[in-house]
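Here the structure is laid out as C-alpha cells; the discussion comes afterwards.
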Amino acid sequence: MVVTPTLLALFTLALLMLGSSLARASHHMRVDDPLLGRSLFRFYPLEVSETGIYRWSRPEATLFLYGYDGRAVVTSLRLAAFRPADQPVALVHLRGDTIDPGSFPVDSVWRTYHLLMPMRPTGETPLHFTTEAYQPPADPRELGVALSDVTITATQGLMLHPVRLVYLLGWPLLVWLVLVRLRASPRMAVGGGLVMALGVGWAAAFPVEAGYWWPTLGWPWWPLLPFALLMAAPQLGVLLARVRSYLVTHQALSLAGIGLALGALLALRLGFAVAPGMLLLVVGTWLGQAWLKRAASHQGLLSTRNAVIILALLGLLALGTRLVNLDTQPAGLWRDESRHGLQALRIWEDPAYRPVYVVEGADLPAMLFYLMAPVIGSAGPHPWSVRLVSALAGALTPLALYWASVPLIGRRAALIAAGLLASASWALSMSRWAFPATLDHLLVLTALGLVWRTLPVEASRLSLLAVPRTKPEVDQHLGSAAPSVIGMALAGLLGGLAMYTYHTGRLAPVALGAAVVIRLGLNPYLWRKAAPGLAIALVVGALTITPLGLAILGDLEGYNRRVGTVSWLDANNPDSRAPLALALDNMQRYALAYHAVGERNGRHHLPDVPLLDPVTGLLLTLGLGAALPRLRQQPGFLVVVALGVIYLVPAVLSNDAPHAMRALGTLAPACMLAGIGFVGLRYGLGGSDQSQPVWINEPAEAGLASRSPRIYARGAPAHTVMRSAALVLLGASLLFNLWLYFGVMRLEPRVYGEFDLVETAVGRLIQQHHSQNNLASEDLTIYLPEALRTTDTVRFLTWGIEIGRYDGRPLETEGAAVILLPASADEPEQAAALAALGAEGRALGVVATTPNGTPLVLAFGRGQAADRILR
C-alpha cells in the first residue's frame, strides 16, 4: 500500500522536473490570442484597422495574468491611446495587489511599457487599468487605452513555487486514492493516477496555459484536506458507524439534529452568516439521518385507491395555483413573452410561416409557438392566453413527476415529490409566464417513466421493484419485445420533442441515456433483450428531431448563439476569469441557491430568497443524505441523483448564476429527494408493531426496499403525534409557498418591476377601447409615442388594432383623441401632449397603476369619447 503511492509520487515529481525544464521563461500573446482575450475584463471586442489589431479598454478594466506563480515577472504591455490633437494625452493608472506605480501618459502611437510585478502564489493575478473616459465623435463607447500585445517574462528563480509544486503533486495521489476507496481494481487506480501525472507534467511545461485552465485554487485545504480524509477514511468510517449506532438508540439526539437543520435553514433566510449556517445544516442533517435508517423497517403500504385520490387532489392543486389570476400575476408581460406571442400569431395567420428554430426575435425552438398559436388565435392576444400553454404544462409536470418517480423511489415518496412540486414557488414562477422551460421537463419526466418501466431488469434486482413469487411472474416482469418496443418508441418521441422546447431540452437524450445505462447495467443479456426497444427509440427520436437537425445545419451559428452568449466563460466576474474558478464559483452559488441566497432576477423568483422553502430544503438534505450511501443498492436513487447532476451542468456552465430557469431541471430531482426524506422522516418518528408482517409485492413501495425481501410493519404507530408532525411540516410547506408567491411576490416591486408594466397597461387600455369602440357611435383614436408604440408588448396586445402615432407635434386629425404617456413623463412632455390636442385638450389623469398603486400611465384627451379611457 505504501509502495504504490511512493512510486506514483516519484514518477509525478520526475514529470514535474522534466516539464519545468522545458517551460519557457517568457510568454508572448497578441490580443487576438484566445487565451489573452479570455483574460481581459471590461475590454471591448477585437478591432482591426490600419493601425493594427487591438482591443479598447473601458475606463475601468482588468488584465488577469497566469503562470509563474509566486515569482516576479516583467509584464510588457503594448499600448496606445488614439486621441485628436486637441485632446489631452491619456493617463493610465496601473495597479496590482502589491504595486501601485501611479499614472503615466500613453501616446497616440504604439509603445511598449514594462512593469515589474510579483505573481500571486495561488489563484489569478489581476492588473487593473484606470483611465479617464474618452468618447470619440459618433461612438457611444467610453474608451480607455488600446491594448495590442502582452508579454510575461519570469525573473530568475525556481520554475515552480513550492505551493504550486505541492498542489500539482497532490493531484495524482488524490485520484489514485479516490479510486482505491471506490474499490476500483489496482490497475485502474494506478492508471488513473498515471494519467493525472501526465497532466501535471503538461502543467509544468506550459505554466501560462495551465495557470489559466488549472490554477492553484483552494489552497491549503485542497488537495491536502481531502487527501488526509481519504487516508483516514477506514478509521473515520468505523467511528461514524459507532456514532450512528449510538444515535439510533438515542432518538432525542437525532430529533435534535433535525431541529438544528431546520433552525439553520430558517436562520439563513433571516440573514444569518452563510458559512456557519450551512455548516449547522450539514451537521444537523447528519445527526437526523438516524431517523431514516430506522425508517427502512417501519413502513406501511399505500393502497392504489388512496394514491389515486391523493394524486387527483395534487393535480387540482397544481392546476389551480397555475391558473388563478393568470392574467394579472405577473402584473405585466415581459418583452420575451410578447415576442413569443407575436411568433404564435404569425404562425396562426401566415400559412407560409412554419419555422423550426426561431433565431431572430426568440432564439428558441418553435414548439411553444405552435402550441400557443390556436390559443391566442382563438382567444386573442392577452397575458393569460400567451401564458396558458406554459401554465398547463407546469400543472401537468407534478403528474409526470409522480409517473417517473414511482418505480424509482416508491409510491409514497413519489406522491410527496409531486405535492412539493405542485406548490413550489419556484415552479409557480416558471409556470406562470410564456416560456417553454416547463414543457422540457414535462416531456423528459414522462419519457423517463416509460424508459424505466419498459426496459428489462435482471431477476436478482427485482427486489428493488417487486418481490417475484413465481417464475412466470419473473418472466412477465422481464416483458416481451412488443410492449418494450411500444414504450420505448413513445419515449424516443417525447425525448425528441423535448429538444424543440427550451435550450435545456438538448440534455433530454443525455438524461434518458443515463437512465438506460443505470437500468441495464453491465449485463450483456439485458442489453441484447433491450436492443429492439432501444433501436426503435433511437429511430423514432432521430426522425422526430430531423427537421430540427436540418435547421441546425442551415444555421449552426444561430442555433448556438444564445448558448454562446450566456457561457460561464463570459461571466461578468471582476475577481476571476479562469474557467475552473468560474465554474467552482457557480457551483457554490447554486449550492446556496436552494437554502440561503437565491436568484436575483425578480422575473424568475423573489430576489435573493432561497429557491426552496425551509421544509422542502430540510427534506431535500435528509433525502440526499439517505440516497447517497445507497446508490449502488438502489438504481432508482442513482437515477434521481444523476438527473439532478445532468440538469445542473448547463446552469453551472452559464453566467448569471444562480439562474432559476436554467437550473429548473434540478427541481424535479430535488423534490424526489425531498420525498425520500419525508418518507424516512415520517416513518422514523414512531415505533412499530411487527405482529402483522406484510410482504412488499408492488412496485409502488419499492423505493425504500432492500435487495432481499423484508418484513414491514402494518399496525398502529407508537408515536402518532410525532408522525403527525411530519404532516404538519408538509402543510407548512404548502402554506409558505402560496403565501410567498401570491402574497409577497404579487406586491413586491422587485418582482413586478421586472416586467413591462407600462406597455402592458397601455395595451390593455387600447384593447378595452377597441372592444367598446365597436359599440360606440363616436369614434376615438388613441395615440402613442413612437418609442412606446413599437415595443414588443404593445405590438402583441394591439395586434390588428390601428394606433395613432404621436411625435410631440400637434395632431393632424380631428375628432376625439387620447394620448397615452408613461407616468414618468416630465412636465414639458405632458405640456406638449396637451398642446398637441389643441384647445379642447385636457388632462385625464392616471389611468393605470402598479399593484401597489404607483401611477403607470397618464392620459390626455379631447372630446367626450375620451372619457371612455377612464372606465
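Ordered as shown in the C-alpha cells, chains take letters A, B, and onward, while each chain numbers its residues from 1 and ligands are numbered from 1 in the order shown.
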
Non-local contacts of stretch 737-745 of chain A (8 Å; only C-alpha atoms; under 5 positions in same chain excluded) as a tab-separated table (two decimals) with N, CA and C atoms, in the first residue's frame:
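File written: around_37.tsv
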chain	number	residue	atom	x	y	z
A	423	SER	N	-46.83	22.90	-5.51
A	423	SER	CA	-46.99	24.19	-4.82
A	423	SER	C	-45.71	24.99	-4.69
A	424	ALA	N	-44.59	24.50	-5.19
A	424	ALA	CA	-43.32	25.20	-5.02
A	424	ALA	C	-43.37	26.58	-5.67
A	425	SER	N	-42.95	27.60	-4.95
A	425	SER	CA	-42.95	28.96	-5.50
A	425	SER	C	-42.04	29.06	-6.72
A	428	LEU	N	-44.05	27.68	-9.56
A	428	LEU	CA	-45.11	28.63	-9.93
A	428	LEU	C	-44.54	29.78	-10.75
A	429	SER	N	-43.40	30.30	-10.34
A	429	SER	CA	-42.79	31.41	-11.06
A	429	SER	C	-42.45	31.02	-12.49
A	606	LEU	N	-38.55	35.45	-6.23
A	606	LEU	CA	-38.34	36.59	-5.35
A	606	LEU	C	-36.83	36.80	-5.17
A	613	ASP	N	-38.50	26.35	-0.11
A	613	ASP	CA	-38.96	26.74	1.22
A	613	ASP	C	-38.19	25.95	2.28
A	751	VAL	N	-40.25	42.35	-8.05
A	751	VAL	CA	-40.78	41.30	-8.91
A	751	VAL	C	-41.54	41.92	-10.07
A	752	TYR	N	-42.63	42.64	-9.79
A	752	TYR	CA	-43.43	43.18	-10.89
A	752	TYR	C	-42.69	44.27	-11.64

(request) Name the residues in contact with A:Leu36 at a cut-off of 12 Å, using only C-alpha atoms, excluding same-chain residues fewer than 6 positions from it; report them as JSON, numbers by chain. (result) {"A": [27, 28, 29, 30, 43, 46, 54, 55, 62, 63, 64, 65, 66, 147, 148, 149, 150, 151, 152, 208, 209, 212, 577, 578]}

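Taking only C-alpha atoms into account, A:Gly623 lies nearest to A:Trp286 out of the set A:Trp452, A:Phe860, A:Trp286, A:Tyr559.
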
(request) Within stretch 421-607 of chain A, find each residue whose DSSP state, derived from the backbone, is alpha helix (DSSP H), and express the selection as JSON, numbers by chain. (result) {"A": [421, 422, 423, 425, 426, 427, 428, 429, 430, 431, 437, 438, 439, 440, 441, 442, 443, 444, 445, 446, 447, 448, 449, 450, 451, 452, 453, 454, 471, 472, 473, 474, 475, 476, 477, 478, 481, 482, 483, 484, 485, 486, 487, 488, 489, 490, 491, 492, 493, 494, 495, 496, 497, 498, 508, 509, 510, 511, 512, 513, 514, 515, 516, 517, 518, 519, 520, 524, 525, 526, 527, 528, 529, 530, 531, 532, 533, 534, 535, 536, 537, 538, 539, 540, 541, 542, 543, 544, 545, 546, 547, 548, 549, 550, 551, 552, 553, 554, 556, 557, 558, 559, 560, 561, 562, 563, 564, 565, 579, 580, 581, 582, 583, 584, 585, 586, 587, 588, 589, 590, 591, 592, 593]}

(request) Can you list, as a ChimeraX atom specification, all residues belonging to stretch 25-252 of chain A that DSSP tags as strand (DSSP E or B)? (result) /A:26-30,40-43,47-49,52-65,72-80,90-95,102-106,111-118,125-131,134,143,146-154

Now that the selection is made, can you save its residues with C-alpha atoms as a PDB file, in the first residue's frame?
ATOM      1  CA  SER A  26       8.767  34.226 -21.484  1.00  0.00           C
ATOM      2  CA  HIS A  27       5.302  34.077 -22.972  1.00  0.00           C
ATOM      3  CA  HIS A  28       4.079  36.467 -25.678  1.00  0.00           C
ATOM      4  CA  MET A  29       0.410  36.893 -26.595  1.00  0.00           C
ATOM      5  CA  ARG A  30      -1.254  39.068 -29.204  1.00  0.00           C
ATOM      6  CA  LEU A  40      -9.414  40.536 -20.265  1.00  0.00           C
ATOM      7  CA  PHE A  41     -12.232  42.006 -18.192  1.00  0.00           C
ATOM      8  CA  ARG A  42     -14.187  45.078 -19.337  1.00  0.00           C
ATOM      9  CA  PHE A  43     -12.435  45.305 -22.688  1.00  0.00           C
ATOM     10  CA  GLU A  47     -10.858  45.664 -33.715  1.00  0.00           C
ATOM     11  CA  VAL A  48      -8.792  45.549 -36.887  1.00  0.00           C
ATOM     12  CA  SER A  49      -7.657  48.743 -38.603  1.00  0.00           C
ATOM     13  CA  GLY A  52      -3.107  47.114 -36.194  1.00  0.00           C
ATOM     14  CA  ILE A  53      -5.162  44.621 -34.207  1.00  0.00           C
ATOM     15  CA  TYR A  54      -6.191  45.770 -30.749  1.00  0.00           C
ATOM     16  CA  ARG A  55      -8.915  45.953 -28.125  1.00  0.00           C
ATOM     17  CA  TRP A  56     -10.012  49.106 -26.351  1.00  0.00           C
ATOM     18  CA  SER A  57     -10.307  49.020 -22.601  1.00  0.00           C
ATOM     19  CA  ARG A  58     -13.136  50.647 -20.727  1.00  0.00           C
ATOM     20  CA  PRO A  59     -12.213  53.392 -18.245  1.00  0.00           C
ATOM     21  CA  GLU A  60     -12.076  50.678 -15.560  1.00  0.00           C
ATOM     22  CA  ALA A  61     -10.630  47.373 -16.821  1.00  0.00           C
ATOM     23  CA  THR A  62      -8.557  44.409 -15.648  1.00  0.00           C
ATOM     24  CA  LEU A  63      -5.980  42.109 -17.216  1.00  0.00           C
ATOM     25  CA  PHE A  64      -5.598  38.744 -15.443  1.00  0.00           C
ATOM     26  CA  LEU A  65      -2.143  37.189 -15.555  1.00  0.00           C
ATOM     27  CA  ALA A  72       8.365  38.216 -10.033  1.00  0.00           C
ATOM     28  CA  VAL A  73       7.641  38.827 -13.702  1.00  0.00           C
ATOM     29  CA  VAL A  74       8.163  41.646 -16.148  1.00  0.00           C
ATOM     30  CA  THR A  75       4.839  42.408 -17.787  1.00  0.00           C
ATOM     31  CA  SER A  76       5.277  44.200 -21.128  1.00  0.00           C
ATOM     32  CA  LEU A  77       2.184  45.929 -22.485  1.00  0.00           C
ATOM     33  CA  ARG A  78       1.947  47.387 -25.990  1.00  0.00           C
ATOM     34  CA  LEU A  79      -0.462  50.297 -25.580  1.00  0.00           C
ATOM     35  CA  ALA A  80      -1.770  53.283 -27.467  1.00  0.00           C
ATOM     36  CA  ALA A  90      -4.411  59.820 -21.958  1.00  0.00           C
ATOM     37  CA  LEU A  91      -3.170  58.949 -18.483  1.00  0.00           C
ATOM     38  CA  VAL A  92      -3.424  55.323 -17.420  1.00  0.00           C
ATOM     39  CA  HIS A  93      -3.080  54.127 -13.860  1.00  0.00           C
ATOM     40  CA  LEU A  94      -1.916  50.516 -13.444  1.00  0.00           C
ATOM     41  CA  ARG A  95      -2.417  48.816 -10.090  1.00  0.00           C
ATOM     42  CA  GLY A 102       0.962  55.576 -10.300  1.00  0.00           C
ATOM     43  CA  SER A 103      -0.184  57.104 -13.579  1.00  0.00           C
ATOM     44  CA  PHE A 104       1.781  57.568 -16.787  1.00  0.00           C
ATOM     45  CA  PRO A 105       0.900  59.041 -20.196  1.00  0.00           C
ATOM     46  CA  VAL A 106       0.044  56.813 -23.150  1.00  0.00           C
ATOM     47  CA  ARG A 111       4.648  51.948 -27.401  1.00  0.00           C
ATOM     48  CA  THR A 112       5.653  49.098 -25.104  1.00  0.00           C
ATOM     49  CA  TYR A 113       5.515  49.716 -21.347  1.00  0.00           C
ATOM     50  CA  HIS A 114       7.294  47.403 -18.898  1.00  0.00           C
ATOM     51  CA  LEU A 115       6.161  46.698 -15.348  1.00  0.00           C
ATOM     52  CA  LEU A 116       7.948  44.556 -12.752  1.00  0.00           C
ATOM     53  CA  MET A 117       5.380  42.885 -10.528  1.00  0.00           C
ATOM     54  CA  PRO A 118       5.018  39.765  -8.343  1.00  0.00           C
ATOM     55  CA  THR A 125      -3.084  37.828 -10.571  1.00  0.00           C
ATOM     56  CA  PRO A 126      -5.096  40.907 -11.591  1.00  0.00           C
ATOM     57  CA  LEU A 127      -3.618  44.032 -13.148  1.00  0.00           C
ATOM     58  CA  HIS A 128      -6.132  46.877 -13.019  1.00  0.00           C
ATOM     59  CA  PHE A 129      -6.317  49.683 -15.607  1.00  0.00           C
ATOM     60  CA  THR A 130      -7.851  53.051 -14.727  1.00  0.00           C
ATOM     61  CA  THR A 131      -8.120  55.705 -17.438  1.00  0.00           C
ATOM     62  CA  TYR A 134     -12.830  59.390 -23.617  1.00  0.00           C
ATOM     63  CA  LEU A 143     -12.756  54.326 -24.116  1.00  0.00           C
ATOM     64  CA  ALA A 146      -5.912  50.281 -26.728  1.00  0.00           C
ATOM     65  CA  LEU A 147      -4.033  47.036 -25.992  1.00  0.00           C
ATOM     66  CA  SER A 148      -2.242  45.129 -28.737  1.00  0.00           C
ATOM     67  CA  ASP A 149       0.259  42.707 -27.146  1.00  0.00           C
ATOM     68  CA  VAL A 150       1.204  41.330 -23.747  1.00  0.00           C
ATOM     69  CA  THR A 151       4.470  39.603 -22.841  1.00  0.00           C
ATOM     70  CA  ILE A 152       5.160  37.942 -19.491  1.00  0.00           C
ATOM     71  CA  THR A 153       8.821  37.296 -18.681  1.00  0.00           C
ATOM     72  CA  ALA A 154       9.735  35.463 -15.486  1.00  0.00           C
TER      73      ALA A 154
END

(message) Please list as a ChimeraX atom specification every residue within 10 Å of stretch 339-347 of chain A, counting only C-alpha atoms and excluding residues in the same chain fewer than 6 positions away.
(response) /A:353-355,358,360-362,364,366-377,380-383,385-387,434-436,791-793,795-797,799

Please dump the current selection as an mmCIF file, in the first residue's frame; keep C-alpha atoms.
data_model
loop_
_atom_site.group_PDB
_atom_site.id
_atom_site.type_symbol
_atom_site.label_atom_id
_atom_site.label_comp_id
_atom_site.auth_asym_id
_atom_site.auth_seq_id
_atom_site.Cartn_x
_atom_site.Cartn_y
_atom_site.Cartn_z
ATOM 1 C CA TYR A 353 -44.560 30.776 -41.956
ATOM 2 C CA ARG A 354 -43.603 27.429 -40.430
ATOM 3 C CA PRO A 355 -40.341 27.865 -38.500
ATOM 4 C CA VAL A 358 -36.546 30.978 -34.491
ATOM 5 C CA GLU A 360 -34.300 36.444 -34.632
ATOM 6 C CA GLY A 361 -36.791 37.606 -32.043
ATOM 7 C CA ALA A 362 -36.842 34.498 -29.868
ATOM 8 C CA LEU A 364 -35.764 29.284 -29.245
ATOM 9 C CA ALA A 366 -40.627 26.773 -32.224
ATOM 10 C CA MET A 367 -42.701 24.128 -30.416
ATOM 11 C CA LEU A 368 -44.086 26.566 -27.831
ATOM 12 C CA PHE A 369 -45.210 28.940 -30.572
ATOM 13 C CA TYR A 370 -47.159 26.229 -32.385
ATOM 14 C CA LEU A 371 -48.901 25.226 -29.166
ATOM 15 C CA MET A 372 -49.725 28.843 -28.361
ATOM 16 C CA ALA A 373 -50.980 29.705 -31.837
ATOM 17 C CA PRO A 374 -54.520 28.206 -31.616
ATOM 18 C CA VAL A 375 -54.998 29.580 -28.097
ATOM 19 C CA ILE A 376 -54.009 33.149 -28.949
ATOM 20 C CA GLY A 377 -55.559 32.980 -32.399
ATOM 21 C CA GLY A 380 -56.974 36.968 -28.815
ATOM 22 C CA PRO A 381 -53.704 38.422 -27.504
ATOM 23 C CA HIS A 382 -53.912 38.638 -23.715
ATOM 24 C CA PRO A 383 -51.466 37.932 -20.893
ATOM 25 C CA SER A 385 -53.715 33.456 -23.385
ATOM 26 C CA VAL A 386 -49.992 33.756 -24.077
ATOM 27 C CA ARG A 387 -49.210 32.097 -20.717
ATOM 28 C CA ALA A 434 -44.834 32.270 -21.519
ATOM 29 C CA PHE A 435 -41.621 30.259 -21.589
ATOM 30 C CA PRO A 436 -41.042 26.678 -22.772
ATOM 31 C CA THR A 791 -42.392 47.897 -28.226
ATOM 32 C CA ASP A 792 -42.996 44.149 -28.495
ATOM 33 C CA THR A 793 -45.565 44.110 -25.706
ATOM 34 C CA ARG A 795 -47.427 45.333 -30.659
ATOM 35 C CA PHE A 796 -48.599 41.981 -29.286
ATOM 36 C CA LEU A 797 -51.511 43.262 -27.222
ATOM 37 C CA TRP A 799 -52.319 43.055 -32.832
#

(request) Determine, counting only C-alpha atoms, which protein, DNA and RNA residues have an atom within 7 Å of an atom of A:Gly193; residues of the same chain fewer than 4 positions away are not included. Present the result as a list of chain:residue names. (result)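 My list of contacting residues is A:Pro172, A:Leu173, A:Val175, A:Trp176, A:Ala189, A:Ala197.
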
(message) Here is a test: counting only C-alpha atoms, which residue of A:Pro614, A:Gly636, A:Ala261, A:Val563 is nearest to A:Ala514?
(response) A:Gly636

(request) Would you please work out which residue, of A:Val178, A:Ala81, A:Val195, A:Leu15, is nearest to A:Leu165 when using only C-alpha atoms? (result)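 Closest to A:Leu165 of all the choices is A:Leu15.
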
(message) Give me the residues near A:Leu287 as a PyMOL selection string, where near means some atom within 9 Å (using only C-alpha atoms) and where sequence neighbours in that chain fewer than 6 positions away do not count.
(response) chain A and resi 244+247+253-258
